[in-house]
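Novice: Here you go, one structure.
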Amino acid sequence: MKMDRSFIEEVSKRSGQRFEGCYHCLSCGGGCPVVEGMEYNPNQIIRMMQLGMRQEILVSKAIWMCVGCFSCLSQCPNRVHIPLMMDTLREMALESGLKVGEPDIWAFHREFLNQVRKRGRVFELEFMMRFKLATGAFFQDMGAGMKMVTRGRFHLLPTRVDGLKEIRKAMGE
Amino acid sequence: MGSRGNGGSKGNSKIHYYPGCSLTSSAREMRESFFDIARMFSLEMVPLEDWSCCGSSPAHSTHHGWALLLAARNLLLAEEQGVSELMVMCPSCFVRLREAERAIREDEKKNQEVERAFGKRYGGSVKLRFFLETMDSLGLKALKEKVKRPLTGLKGALYYGCLLSRPEWITGFDVGPYEEFLEDLFRALGGEPVRWGYDRQCCGAHLAVTKPDMVNSMVDRIRDHARRAGANCLVVFCPLCQVNLELRGQEVEALPVLYISEIMGLAAESPHAQGWLKRHLIDPKPLLTSLQLI
């Protein structure tokens, strides 16, 4: 059987990482604080890339769960930059148009970046409201949210960057 | 760490800093309490003019091009405004700015991308400084001299979280060399740092919003270990850690979560302390009152 190498080669090129060093010692997943939310351990993702399993990886939850805490990279004996690999895979997943494995996490990132596009900064209060609207979980966590408001933890008025035009241009508008 | 411990306030009465989105909103008490420390040393805090968001996790998680440009815009602004040292308080902002700086330095193509977007290249003249470096440069002795009310009875679990405690080659800052200073500082303020093993565990970061159940158990574990070690409060250095440790967790009884700068401000009897304390989601006042610290 011939493996499809094109996928791993693309990830390798875009992330600047070589994955041959991974000998599946499990250090990455062992220290990962969010591995329980992943259906594949980080080293399994590398193996799947080696096997050319493009679609399975791009629709997975695992690539969205990584928060980039660098625990895996700190422990990897071969310094495989897994957080950077995850960033690259997420980007490729979005480009592919395939179903997003964790739509809520994507909504979080998207709404955050919408804030940046809108004012150059994040207006936390509106960001949280828009995230809630986008995910349909408006009343979930309402108590916590109200506490943030009543304790004065959210600024109630947004500020805007003067150089907003150049930020929008940088973000492709 | 050039000026370590020699009271570096001399000859430089201004601290230029990058505010960041959290510090102007959910982490205002981190900024305000640090401002109080600066005031004690007659240092003027000067924000980067027209600063914009560093891109944070959402940019690098989904679009590496934006991650570079959003952070780089602030480096360009600092350079333009003649800032030689830019202090950053939020670990996430710090890592994003540092990462952009490194990318530009190591790869000429990145600077071309910056030039295409903003019409100018980054010359590399700005030195990024994490706020702990600034605090350290004030010197333990000088900080200790500001203590008016020693924090007797405060047993703190110093919680560094992920970005501060990873090796320097990854993030550009490693708390390792500062740990002793921080423990000594906490002791000098009259508190007692506890020994524990969860100081480098991730707080769950942005999953606190999207996966609350999962982060509940992460925070519970951190609280549980802090309690077992005998701590009565958590001492933090990051706006996101602070919010997550207050907001999440279900099973284990919550502990007050204070910024290192608030702790310093309490010991120095900052007149603004009540203002920060009332904004906490886990009220630290019962603990502080019982120890007669407020």
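Please note that chains go A, B, ... in the order of the structure tokens, that every chain numbers its residues from 1, and that ligands are numbered from 1 in the order shown.
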Tell me as a VMD selection string which residues belonging to chain B come within 8 Å of chain A, counting only C-alpha atoms.
Specialist: chain B and resid 21 to 22 24 to 28 50 to 53 55 57 to 64 66 69 to 70 117 to 118 162 to 163 166 to 167 170 201 to 202 204 to 207 210 214 218 247 278 to 281
Novice: Could you pull out all residues of segment 121-240 of chain B with a DSSP call of alpha helix (DSSP H) and give them as a VMD selection string?
Specialist: chain B and resid 131 to 138 140 to 145 161 to 165 168 to 171 176 to 188 207 to 210 212 to 228 239 to 240
Novice: Just give me the gap between atom CA of Tyr259 of chain B and atom CA of Phe237 of chain B in Å, one decimal is fine.
Specialist: 5.8 Å
Novice: Considering only strand (DSSP E or B) as DSSP defines it on the backbone, what residues of segment 61-196 of chain B qualify? List them as a ChimeraX atom specification.
Specialist: /B:85-88,127-130,155-159,192-193
Novice: Just to confirm, what's the straight-line distance from atom CA of Leu76 of chain B to atom CA of Tyr122 of chain B in Å (one decimal)?
Specialist: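 If I compute the distance from atom CA of Leu76 of chain B to atom CA of Tyr122 of chain B, I get 5.8 Å.
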Novice: Rank B:Leu240, B:Ala267, B:Ala67, B:Val126 by their smallest atom-to-atom distance to Gln292 of chain B, using only C-alpha atoms, and report the top residue only.
Specialist: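 Closest to Gln292 of chain B of all the choices is B:Ala267.
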